[in-house]
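These notes concern the structure reproduced below.
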Amino acid sequence: MGNIYTGIELGTDSVKVVVCEKVSDKYEVLASISRESNGIKNGEIIDTKLAVRSVNSAISQINDMLDFNVTKAIVCVSPRDCHMTICTGEVDVIDYNEIVGADVSNCLLAALKGKEFKEEELVTVTPINFHIDKKKEVSDPKGMKGAKLKSRVVISTVLKEPLYRVLEVLKLAGIEAVDIAYTSTGDYYSVKKKSLDNAVGAIINIGEETTNVSVFNKGIQIKNGIIPVGSYNVDKDISYIFKISNHDARKLKEEFAVSKASYADEDEVMHITNGDGEVKDISQVGISKVVEARTREILKLAKNEIKNLTNREIRYIIITGGLSELAGFQNVVDDEFGFIAKVAEIKTMGIRHNKFSSAYGIIQYFDDKLSLRGKSYNMVNKEDVTKMTSTDKDSTHNNNMISKVFSHFFDN
């Protein structure tokens with residue numbers, strides 16, 4: 001049995017869960033689910049009871065697909081109001097003959113020394129580079145020789161209250177958060193490759209009610225912005241113009257419309273009965289014009305947000321989120337951005353849909369984080385690979401939850 005990881009995202013529209021097993025450096029999806037969510041808005045918990053029910057429903061369904069019960073997960077959190085600073089840590093190497101994972105962990109921990117977070121909570125400590133005895137920089141010092149190890153790191157924090165609400169909901173649903181990461185981090189890792197790791201670029205995730213825009217430099221997130229418009233606005237436009245329910249509008253958007261009206265079939269028509277019993281004839285061209293207009297607005301706003309976030313030359317733009325799966329979406333992206341921008345394409349069997357980009361990507365992020373620190377972790381023990389009994393759902397103090405999250409990496 002390889003290492004098994006679970007990623008979970010609590011979104012406004014749905015709870016996404018992805019369970020993967022790492023075998024020979026490849027991530028094989030064991031199970032995935034996207035389940036309608038309640039009590040969650042813009043990635044934040046607004047009703048704990050409803051959110052817990054949503055998580056329980058998703059986890060119950062995912063457990064039915066597996067030979068074990070999911071009780072641990074890496075958790076996506078919104079980068080809303082995130083704060084990023086660059087710090088430096090330096091330590092004496094434990095054994096001069098070889099730098100090991102413990103030296104890396106100690107060095108990153110040293111970068112946190114003296115830092116106090118009053119209203120914010122730590123989310124990530126991401127190394128920019130390492131220096132051994134003031135020599136040239138390296139990305140992974142393990143196995144090298146030296147007396148001192150130094151690292152420049154990006155420390156990222158978010159407001160405590162919304163983060164603690166997410167962790168509390170998971171705890172009440174019987175899920176232990178073993179690590180936390182931004183949804184944007186997951187998006188990046190879901191499309192990660194060497195060419196991106198050496199450039200400055202942006203990831204655009206069109207969510208249900210908001211669109212998240214993140215700027216990455218050499219694989220490290222340095223800026224983030226949120227636009228208050230998303231896929232739901234497309235649904236509302238369709239509902240208003242054609243006088244149909246939001247439910248029918250969404251279904252038509254996903255199953256009938258295309259992103260660029262010029263590619264729509266003039267002869268294609270759908271018949272929808274509204275709440276008053278009136279039959280509406282909706283052409284593919286007509287609905288596609290509505291979808292295209294709002295999609296272009298979202299992309300233009302995202303383009304402006306990238307300019308506001310950074311003056312650096314952008315080498316790539318990747319768009320993800322459920323809306324990006326609409327037929328012909330790349331054609332609209334080409335019109336707005338040119339060939340610098342691409343729609344994400346997740347090719348992994350079992351999650352071939354961009355709505356899973358965050359939950360899937362954080363699994364790869366977590367594994368990469370473990371590898372740098374010379375650690376291994378399995379979210380499922382061998383004795384757990386049978387149907388388990390119910391888990392303890394008693395809540396714990398928020399500080400204890402955060403301490404447990406980072407204990408795997410800093411041994412505290």
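Residues in the structure tokens are numbered from 1 in each chain, the chains being A, B, ... in the order shown, and ligands are numbered from 1 in the order shown.
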Quick one: which segment 232-320 of chain A residues come within 8 Å of segment 190-204 of chain A, and what is the nearest atom pair for each with the distance in Å to one decimal, counting only C-alpha atoms, rows ordered by chain and ascending number, as CSV?
```
residue,atom,partner,partner_atom,distance
A:Ala302,CA,A:Ile204,CA,7.2
A:Ile306,CA,A:Ala202,CA,7.3
A:Arg312,CA,A:Val200,CA,7.4
A:Glu313,CA,A:Val200,CA,6.9
A:Ile314,CA,A:Gly201,CA,4.9
A:Arg315,CA,A:Gly201,CA,5.4
A:Tyr316,CA,A:Gly201,CA,4.7
A:Ile317,CA,A:Ala202,CA,4.8
A:Ile318,CA,A:Ile203,CA,4.9
A:Ile319,CA,A:Ile204,CA,4.7
A:Thr320,CA,A:Ile204,CA,6.1
```
Quiz prompt | Distance query Ala181 of chain A at most 8 Å, only C-alpha atoms, self and fewer than 2 positions along chain excluded, as an MDAnalysis selection string | solution = chainID A and resid 74:77 123:124 179 183 185:186 362
Residues as selected, C-alpha atoms, written as an mmCIF file, in the first residue's frame, can you do that?
```
data_model
loop_
_atom_site.group_PDB
_atom_site.id
_atom_site.type_symbol
_atom_site.label_atom_id
_atom_site.label_comp_id
_atom_site.auth_asym_id
_atom_site.auth_seq_id
_atom_site.Cartn_x
_atom_site.Cartn_y
_atom_site.Cartn_z
ATOM 1 C CA ILE A 74 -5.442 18.312 3.996
ATOM 2 C CA VAL A 75 -7.819 21.261 3.959
ATOM 3 C CA CYS A 76 -8.194 24.065 1.435
ATOM 4 C CA VAL A 77 -8.773 27.512 2.937
ATOM 5 C CA VAL A 123 -0.981 28.990 7.065
ATOM 6 C CA THR A 124 2.252 28.324 5.185
ATOM 7 C CA ASP A 179 -2.406 20.423 7.136
ATOM 8 C CA THR A 183 -7.144 26.955 -2.596
ATOM 9 C CA THR A 185 -1.884 26.704 -3.810
ATOM 10 C CA GLY A 186 -3.904 23.656 -4.787
ATOM 11 C CA ILE A 362 -3.155 20.370 -2.217
#
```
Practice problem: Kindly indicate which residue among A:Arg250, A:Thr71, A:Leu163, A:Ala102 lies nearest to Pro141 of chain A, using only C-alpha atoms for the distances. | Solution: A:Ala102
Rows by chain and residue number, segment 135-230 of chain A within 10 Å of segment 234-239 of chain A, shortest pair, only C-alpha atoms, as JSON lines:
```
{"residue": "A:Glu208", "atom": "CA", "partner": "A:Val234", "partner_atom": "CA", "distance": 9.6}
{"residue": "A:Glu209", "atom": "CA", "partner": "A:Val234", "partner_atom": "CA", "distance": 10.0}
{"residue": "A:Val229", "atom": "CA", "partner": "A:Val234", "partner_atom": "CA", "distance": 9.2}
{"residue": "A:Gly230", "atom": "CA", "partner": "A:Val234", "partner_atom": "CA", "distance": 7.4}
```
Exercise. Please provide the set of residues having any atom within 8 Å of Ala327 of chain A, restricted to only C-alpha atoms, with same-chain residues fewer than 3 positions apart removed, written as a ChimeraX atom specification.
Key: /A:257-259
Go ahead and dump the residues you just picked, C-alpha atoms, as a PDB file, in the first residue's frame.
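Contents of out25.pdb, as written:
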```pdb
ATOM      1  CA  ALA A 257     -24.756  26.762 -23.690  1.00  0.00           C
ATOM      2  CA  VAL A 258     -21.330  27.314 -25.246  1.00  0.00           C
ATOM      3  CA  SER A 259     -18.888  30.010 -24.143  1.00  0.00           C
TER       4      SER A 259
END
```
